[in-house]
Each structure stands twice: as C-alpha cells, then as structure tokens.
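Peer 1: Sharing a structure here in structure tokens format.
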Amino acid sequence: MKLDGKVAIITGSTSGIGLDIAKCYLKNGANVVICGTNPKKLINVTNELKEEFNLDNFLVIKADVTSTEDVKNLFRETINKFKHLDILVNNAGVAPRSSMEETSDEEFLKVLNINLMGAFKCTREAISYMKDTGGSIINTSSFVSLYGSPYQAAYSSSKAAINGLTKSNAKELGKYNIRVNAVAPGVVMTEMVKNDCDEETINRLNLMTPLKRGATPDDLVGIYLYLASDDAKFTTGTIINIDGGLVM
Ligand SMILES: NC(=O)c1ccc[n+]([C@@H]2O[C@H](COP(=O)([O-])OP(=O)(O)OC[C@H]3O[C@@H](n4cnc5c(N)ncnc54)[C@H](OP(=O)(O)O)[C@@H]3O)[C@@H](O)[C@H]2O)c1
C-alpha cells in the first residue's frame with residue numbers, strides 16, 4: 001500500500017474533504033490523526049471510522065487550529081501514539097459569505113485566523129518532527145485563490161495567501177526533504193458549500209466548468225494520496241487545480 005507505516009495529521013477532517021482524505025490514507029496503510037472543533041462531529045466521526053478501521057490506526061483529537069496550545073497538543077498526542085510524523089494536511093477551513101461593505105474587521109480576521117494562521121501554526125509545529133526524516137505537507141487552497149469570488153474577499157484572500165505560504169515553505173524546507181504542495185479544488189459538494197453557497201451560484205459555476213459538474217470529495221482524494229506518497233518524491237511547490245477545468 002502507498003502509505004504503509006506513514007503517520008498523517010489531517011486538520012479539518014471531521015467532515016467533507018478532510019474526512020475522505022482520512023479514509024483514503026487509512027485504506028492505504030497510514031496511521032491517521034483526525035481533528036476538528038465540533039464535539040458532536042468528533043463523536044460521529046469516531047463511531048463511523050470504528051466501523052471500518054482498527055482503533056489502533058487512528059486518533060481523533062479536538063483541536064482548534066487557531067489555538068497555538070491546541071496545535072502543540074495535537075502534535076504531542078500524535079507523537080505519543082504513533083512515534084513519528086510523515087504527512088501534514090492543512091485542510092481546516094471556513095468560507096462565510098458577506099459583502100465587503102458589511103464585513104467587520106473581526107469577521108475578516110476570523111477567516112484569516114482559521115484558514116491561514118491555522119496552516120502556518122501547524123506547519124511551524126510540524127518542522128521539528130519532520131526535519132530529520134523528511135515529510136510531505138499538503139495545503140488545501142481553492143480555485144478562488146486564482147479566480148476571486150464576490151462576497152468572499154476574506155476567504156479568497158486567505159486561500160491566495162495559502163498559495164504564497166506553500167511556495168515559500170517549499171523553498172525554505174526543501175533542504176530537509178520536506179515537500180510542500182497545495183491542492184486547489186473547484187466546487188466540492190460538502191457541508192461548506194451546502195451551508196454557504198446558493199443553488200444559483202453552484203449551477204452557474206457548474207455550467208462554466210468544462211466537465212459540467214461540481215466535485216465530490218472522492219474526486220479529490222487521489223491527488224492527496226499522490227502528494228503524500230513517495231510517488232511525489234520530487235514534487236514540491238506546486239499548486240494543483242482539481243476543478244474539472246474551471247481555472248486554466
Ligand atoms: N467545498 C468546496 O467547494 C471547497 C472548494 C475549495 C476548497 N475547499 C477547502 O476544503 C477544505 C475543507 O472544506 P470542506 O468543503 O470539506 O468543508 P467542511 O465539511 O465544512 O470541512 C471543514 C473542516 O474544517 C474544520 N474546522 C473549521 N474550523 C476549524 C478550526 N478552527 N480548527 C480546526 N478545524 C476546523 C471543520 O471541523 P469542525 O466543524 O469540527 O470544527 C471541518 O472538519 C477547506 O479548507 C475549504 O476551504 C472547499
């Protein structure tokens with residue numbers, strides 16, 4: 001299996017894309033640490049994974065990526081259970097919609113704190129654990145980082161910054177054989193889109209997509225598997241669009 005013996009932390013893995021990445025990595029032999037903030041989702045995901053996978057191979061931790069203490073604890077608990085770390089997927093994110101005129105400083109900063117600072121904090125923490133052995137860091141960006149999106153200035157800004165973080169980290173951490181890449185999905189039918197995006201916008205984006213549909217998380221996991229595996233041993237600093245051709 002592609003990830004035999006590897007250990008992965010996936011932030012924002014209690015639902016949607018992150019949960020499907022977690023299942024894919026488990027099926028491919030990895031030990032996986034799942035995290036999020038919602039206590040109910042944490043219980044549900046534990047019960048769901050217990051049905052299919054061995055409890056020895058995964059750990060579910062409550063961690064808010066905006067909290068430096070929570071992030072430190074997430075990595076400490078991971079090392080306590082699995083002894084090393086090979087893969088970090090910075091996937092936690094929120095995508096609220098509001099007009100520029102009505103967005104408060106606090107609302108804008110909240111999005112940057114989760115989507116950007118969360119990835120920054122987790123990556124900073126991962127370095128010391130990956131420095132001697134190498135590793136793969138994968139950031140979830142978005143097509144809006146390249147394309148823009150009305151009523152999502154904070155979200156688009158956070159994802160554009162993720163692209164900058166990815167490239168700068170790839171240049172800085174390559175000397176430790178730590179590879180840093182990003183995946184930029186198009187529209188993916190998850191809780192995030194169902195809660196924050198109206199049907200008309202989704203239909204319009206689907207029509208503009210050469211493959212004429214939105215994605216399911218299952219459409220994305222192959223690229224996260226590739227980037228985490230040794231198949232991608234010479235791939236770093238890339239931002240890979242997985243969007244049915246929406247941005248090209
Ligand atoms: N869906 C799309 O169309 C789309 C497109 C491009 C990019 N993306 C990106 O894909 C990633 C996953 O989104 P999704 O579509 O799968 O939505 P989702 O189902 O809402 O997943 C978001 C995840 O982030 C977690 N999260 C939110 N705030 C957090 C915090 N402060 N600390 C830790 N975890 C936190 C959530 O867990 P809790 O609720 O338990 O906190 C959840 O597990 C996001 O980065 C998003 O921007 C999505």
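Letters for chains follow the order of the structure tokens (A, B, ...), residue numbers begin at 1 for each chain, and ligand numbers begin at 1 in the order shown.
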As a ChimeraX atom specification, please: every residue in stretch 50-247 of chain A that DSSP puts in strand (DSSP E).

Peer 2: /A:58-62,87-90,135-140,178-185,239-242

Peer 1: Taking N, CA and C atoms for each residue, export the selection above as a short mmCIF file (atom, residue, chain, number, x, y, z; two decimals), in the first residue's frame.

Peer 2:
```cif
data_model
loop_
_atom_site.label_atom_id
_atom_site.label_comp_id
_atom_site.auth_asym_id
_atom_site.auth_seq_id
_atom_site.Cartn_x
_atom_site.Cartn_y
_atom_site.Cartn_z
N PHE A 58 -6.02 4.94 14.15
CA PHE A 58 -6.41 6.35 14.08
C PHE A 58 -6.64 6.94 15.46
N LEU A 59 -6.58 8.27 15.47
CA LEU A 59 -6.75 9.03 16.71
C LEU A 59 -7.61 10.23 16.37
N VAL A 60 -8.63 10.49 17.19
CA VAL A 60 -9.49 11.65 16.95
C VAL A 60 -9.24 12.66 18.08
N ILE A 61 -8.84 13.87 17.72
CA ILE A 61 -8.47 14.87 18.73
C ILE A 61 -9.23 16.17 18.49
N LYS A 62 -9.73 16.74 19.59
CA LYS A 62 -10.36 18.06 19.49
C LYS A 62 -9.24 19.10 19.45
N ILE A 87 3.29 13.10 7.35
CA ILE A 87 2.39 13.85 6.46
C ILE A 87 1.55 14.81 7.30
N LEU A 88 1.45 16.06 6.83
CA LEU A 88 0.52 17.02 7.43
C LEU A 88 -0.37 17.56 6.32
N VAL A 89 -1.68 17.44 6.50
CA VAL A 89 -2.62 18.05 5.55
C VAL A 89 -3.30 19.22 6.26
N ASN A 90 -2.99 20.43 5.83
CA ASN A 90 -3.64 21.63 6.39
C ASN A 90 -4.92 21.88 5.61
N GLY A 135 9.34 14.81 4.90
CA GLY A 135 7.89 14.70 5.06
C GLY A 135 7.16 15.40 3.94
N SER A 136 5.84 15.28 3.98
CA SER A 136 5.00 15.92 2.96
C SER A 136 3.95 16.79 3.64
N ILE A 137 3.90 18.05 3.27
CA ILE A 137 2.87 18.96 3.78
C ILE A 137 1.98 19.35 2.61
N ILE A 138 0.69 19.17 2.80
CA ILE A 138 -0.27 19.46 1.71
C ILE A 138 -1.28 20.48 2.24
N ASN A 139 -1.37 21.61 1.57
CA ASN A 139 -2.31 22.66 1.98
C ASN A 139 -3.52 22.64 1.06
N THR A 140 -4.71 22.75 1.66
CA THR A 140 -5.90 22.87 0.81
C THR A 140 -6.12 24.34 0.49
N ILE A 178 11.51 18.13 3.15
CA ILE A 178 10.09 18.34 3.45
C ILE A 178 9.48 18.97 2.20
N ARG A 179 8.56 18.27 1.57
CA ARG A 179 7.89 18.77 0.36
C ARG A 179 6.61 19.50 0.77
N VAL A 180 6.34 20.61 0.11
CA VAL A 180 5.13 21.39 0.46
C VAL A 180 4.38 21.71 -0.84
N ASN A 181 3.15 21.24 -0.92
CA ASN A 181 2.33 21.44 -2.11
C ASN A 181 0.92 21.87 -1.70
N ALA A 182 0.16 22.35 -2.66
CA ALA A 182 -1.25 22.71 -2.36
C ALA A 182 -2.16 22.10 -3.42
N VAL A 183 -3.38 21.82 -2.97
CA VAL A 183 -4.43 21.37 -3.88
C VAL A 183 -5.47 22.49 -3.93
N ALA A 184 -5.86 22.88 -5.14
CA ALA A 184 -6.86 23.95 -5.29
C ALA A 184 -8.13 23.36 -5.92
N PRO A 185 -9.07 22.93 -5.05
CA PRO A 185 -10.30 22.34 -5.60
C PRO A 185 -11.22 23.41 -6.19
N ILE A 239 0.91 24.04 -7.02
CA ILE A 239 -0.49 24.24 -6.64
C ILE A 239 -1.31 23.55 -7.72
N ILE A 240 -1.95 22.45 -7.34
CA ILE A 240 -2.60 21.62 -8.35
C ILE A 240 -4.10 21.90 -8.38
N ASN A 241 -4.60 22.36 -9.51
CA ASN A 241 -6.04 22.61 -9.66
C ASN A 241 -6.76 21.28 -9.88
N ILE A 242 -7.74 21.00 -9.02
CA ILE A 242 -8.61 19.83 -9.25
C ILE A 242 -10.02 20.39 -9.30
#
```

Peer 1: Ligand 1: which residues are within 6 Å, counting only C-alpha atoms and all ligand atoms? Reply as a count of residues only.

Peer 2: 33

Peer 1: With only C-alpha atoms as the counted atoms, please give the residues lying no more than 12 Å from stretch 195-211 of chain A, apart from itself and same-chain residues fewer than 5 positions off, as a PyMOL selection string.

Peer 2: chain A and resi 94-98+143-144+147+149-152+155+186-190+242-248

Peer 1: Output N, CA and C atoms for every residue in the selection just made, as a PDB file, in the first residue's frame.

Peer 2:
```pdb
ATOM      1  N   VAL A  94     -12.999  27.614   6.801  1.00  0.00           N
ATOM      2  CA  VAL A  94     -14.381  28.113   6.796  1.00  0.00           C
ATOM      3  C   VAL A  94     -14.511  29.075   5.610  1.00  0.00           C
ATOM      4  N   ALA A  95     -15.748  29.210   5.099  1.00  0.00           N
ATOM      5  CA  ALA A  95     -15.950  30.052   3.909  1.00  0.00           C
ATOM      6  C   ALA A  95     -17.232  30.871   4.014  1.00  0.00           C
ATOM      7  N   PRO A  96     -17.297  31.760   4.998  1.00  0.00           N
ATOM      8  CA  PRO A  96     -18.523  32.570   5.121  1.00  0.00           C
ATOM      9  C   PRO A  96     -18.626  33.574   3.973  1.00  0.00           C
ATOM     10  N   ARG A  97     -19.866  33.946   3.645  1.00  0.00           N
ATOM     11  CA  ARG A  97     -20.086  34.932   2.577  1.00  0.00           C
ATOM     12  C   ARG A  97     -20.634  36.215   3.186  1.00  0.00           C
ATOM     13  N   SER A  98     -20.055  37.355   2.808  1.00  0.00           N
ATOM     14  CA  SER A  98     -20.674  38.644   3.157  1.00  0.00           C
ATOM     15  C   SER A  98     -20.082  39.709   2.239  1.00  0.00           C
ATOM     16  N   PHE A 143      -9.918  27.144  -5.832  1.00  0.00           N
ATOM     17  CA  PHE A 143      -9.890  27.835  -7.139  1.00  0.00           C
ATOM     18  C   PHE A 143     -10.051  29.343  -6.971  1.00  0.00           C
ATOM     19  N   VAL A 144     -10.713  29.781  -5.872  1.00  0.00           N
ATOM     20  CA  VAL A 144     -10.924  31.225  -5.694  1.00  0.00           C
ATOM     21  C   VAL A 144      -9.616  31.965  -5.400  1.00  0.00           C
ATOM     22  N   TYR A 147      -8.941  32.944  -8.896  1.00  0.00           N
ATOM     23  CA  TYR A 147     -10.084  33.336  -9.700  1.00  0.00           C
ATOM     24  C   TYR A 147     -10.867  34.475  -9.051  1.00  0.00           C
ATOM     25  N   SER A 149     -13.699  35.707  -5.874  1.00  0.00           N
ATOM     26  CA  SER A 149     -15.083  35.312  -5.644  1.00  0.00           C
ATOM     27  C   SER A 149     -15.824  36.451  -4.965  1.00  0.00           C
ATOM     28  N   PRO A 150     -16.931  36.945  -5.548  1.00  0.00           N
ATOM     29  CA  PRO A 150     -17.663  38.021  -4.892  1.00  0.00           C
ATOM     30  C   PRO A 150     -18.215  37.544  -3.557  1.00  0.00           C
ATOM     31  N   TYR A 151     -18.304  38.438  -2.609  1.00  0.00           N
ATOM     32  CA  TYR A 151     -18.826  38.140  -1.257  1.00  0.00           C
ATOM     33  C   TYR A 151     -17.936  37.152  -0.489  1.00  0.00           C
ATOM     34  N   GLN A 152     -16.727  36.922  -0.979  1.00  0.00           N
ATOM     35  CA  GLN A 152     -15.807  36.027  -0.268  1.00  0.00           C
ATOM     36  C   GLN A 152     -14.403  36.624  -0.252  1.00  0.00           C
ATOM     37  N   TYR A 155     -12.210  34.959   2.408  1.00  0.00           N
ATOM     38  CA  TYR A 155     -11.896  33.571   2.028  1.00  0.00           C
ATOM     39  C   TYR A 155     -10.885  33.540   0.879  1.00  0.00           C
ATOM     40  N   GLY A 186     -12.082  22.962  -7.106  1.00  0.00           N
ATOM     41  CA  GLY A 186     -13.184  23.805  -7.572  1.00  0.00           C
ATOM     42  C   GLY A 186     -14.338  23.671  -6.590  1.00  0.00           C
ATOM     43  N   VAL A 187     -15.563  23.643  -7.089  1.00  0.00           N
ATOM     44  CA  VAL A 187     -16.718  23.499  -6.191  1.00  0.00           C
ATOM     45  C   VAL A 187     -16.841  22.022  -5.794  1.00  0.00           C
ATOM     46  N   VAL A 188     -16.872  21.787  -4.475  1.00  0.00           N
ATOM     47  CA  VAL A 188     -16.995  20.419  -3.970  1.00  0.00           C
ATOM     48  C   VAL A 188     -18.248  20.369  -3.095  1.00  0.00           C
ATOM     49  N   MET A 189     -19.101  19.423  -3.343  1.00  0.00           N
ATOM     50  CA  MET A 189     -20.391  19.395  -2.637  1.00  0.00           C
ATOM     51  C   MET A 189     -20.219  18.852  -1.215  1.00  0.00           C
ATOM     52  N   THR A 190     -19.864  19.737  -0.297  1.00  0.00           N
ATOM     53  CA  THR A 190     -19.704  19.390   1.120  1.00  0.00           C
ATOM     54  C   THR A 190     -20.607  20.318   1.939  1.00  0.00           C
ATOM     55  N   ILE A 242      -7.744  21.003  -9.023  1.00  0.00           N
ATOM     56  CA  ILE A 242      -8.608  19.833  -9.255  1.00  0.00           C
ATOM     57  C   ILE A 242     -10.018  20.389  -9.297  1.00  0.00           C
ATOM     58  N   ASP A 243     -10.404  20.872 -10.458  1.00  0.00           N
ATOM     59  CA  ASP A 243     -11.625  21.674 -10.542  1.00  0.00           C
ATOM     60  C   ASP A 243     -12.427  21.438 -11.808  1.00  0.00           C
ATOM     61  N   GLY A 244     -12.222  20.294 -12.438  1.00  0.00           N
ATOM     62  CA  GLY A 244     -12.965  19.986 -13.671  1.00  0.00           C
ATOM     63  C   GLY A 244     -12.648  20.943 -14.804  1.00  0.00           C
ATOM     64  N   GLY A 245     -11.541  21.684 -14.678  1.00  0.00           N
ATOM     65  CA  GLY A 245     -11.122  22.598 -15.745  1.00  0.00           C
ATOM     66  C   GLY A 245     -11.628  24.015 -15.566  1.00  0.00           C
ATOM     67  N   LEU A 246     -12.221  24.314 -14.402  1.00  0.00           N
ATOM     68  CA  LEU A 246     -12.802  25.657 -14.181  1.00  0.00           C
ATOM     69  C   LEU A 246     -11.750  26.764 -14.335  1.00  0.00           C
ATOM     70  N   VAL A 247     -10.556  26.529 -13.768  1.00  0.00           N
ATOM     71  CA  VAL A 247      -9.468  27.514 -13.906  1.00  0.00           C
ATOM     72  C   VAL A 247      -8.365  26.890 -14.747  1.00  0.00           C
ATOM     73  N   MET A 248      -8.060  27.513 -15.878  1.00  0.00           N
ATOM     74  CA  MET A 248      -6.922  27.013 -16.686  1.00  0.00           C
ATOM     75  C   MET A 248      -6.295  28.150 -17.454  1.00  0.00           C
TER      76      MET A 248
END
```

Peer 1: Could you tell me how far atom CA of A:Ala119 sits from atom CA of A:Ala154, in Å to one decimal place?

Peer 2: 15.5 Å

Peer 1: If you run DSSP on the backbone here, which positions in stretch 98-198 of chain A get helix (DSSP H, G or I)? Please write them as number ranges by chain.

Peer 2: A: 105-130, 144-147, 153-176, 191-196

Peer 1: If I take atom CA of A:Leu116 and atom CA of A:Ala170, how far is one from the other in Å, to one decimal?

Peer 2: 16.1 Å

Peer 1: Out of A:Leu19, A:Leu42, A:Leu85, A:Cys35, which residue has the shortest atom-to-atom distance to A:Ala228 when counting only C-alpha atoms?

Peer 2: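 The shortest atom-to-atom distance to A:Ala228 comes from A:Leu85.
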
Peer 1: Would you mind telling me which residue in A:Ser168, A:Thr78, A:Ser157, A:Thr68 lies nearest to A:Phe108 when using only C-alpha atoms?

Peer 2: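 The closest residue to A:Phe108 is A:Ser157.
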
Peer 1: Go through A:Val7, A:Leu173, A:Ala160, A:Val32 one by one, measure the shortest atom-to-atom distance of each to A:Leu55 using only C-alpha atoms, and give the residue with the smallest value.

Peer 2: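 With only C-alpha atoms as the atom set, the closest residue is A:Val32.
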
Peer 1: Of the residues A:Tyr226, A:Ala232, A:Ala126, A:Gly237, which is the one nearest to A:Gly164, using only C-alpha atoms?

Peer 2: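 For A:Gly164, the nearest of the given residues is A:Gly237.
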
Peer 1: One number please: atom CA of A:Lys81 to atom CA of A:Lys175, in Å, one decimal.

Peer 2: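 Between atom CA of A:Lys81 and atom CA of A:Lys175 the gap is 27.6 Å.
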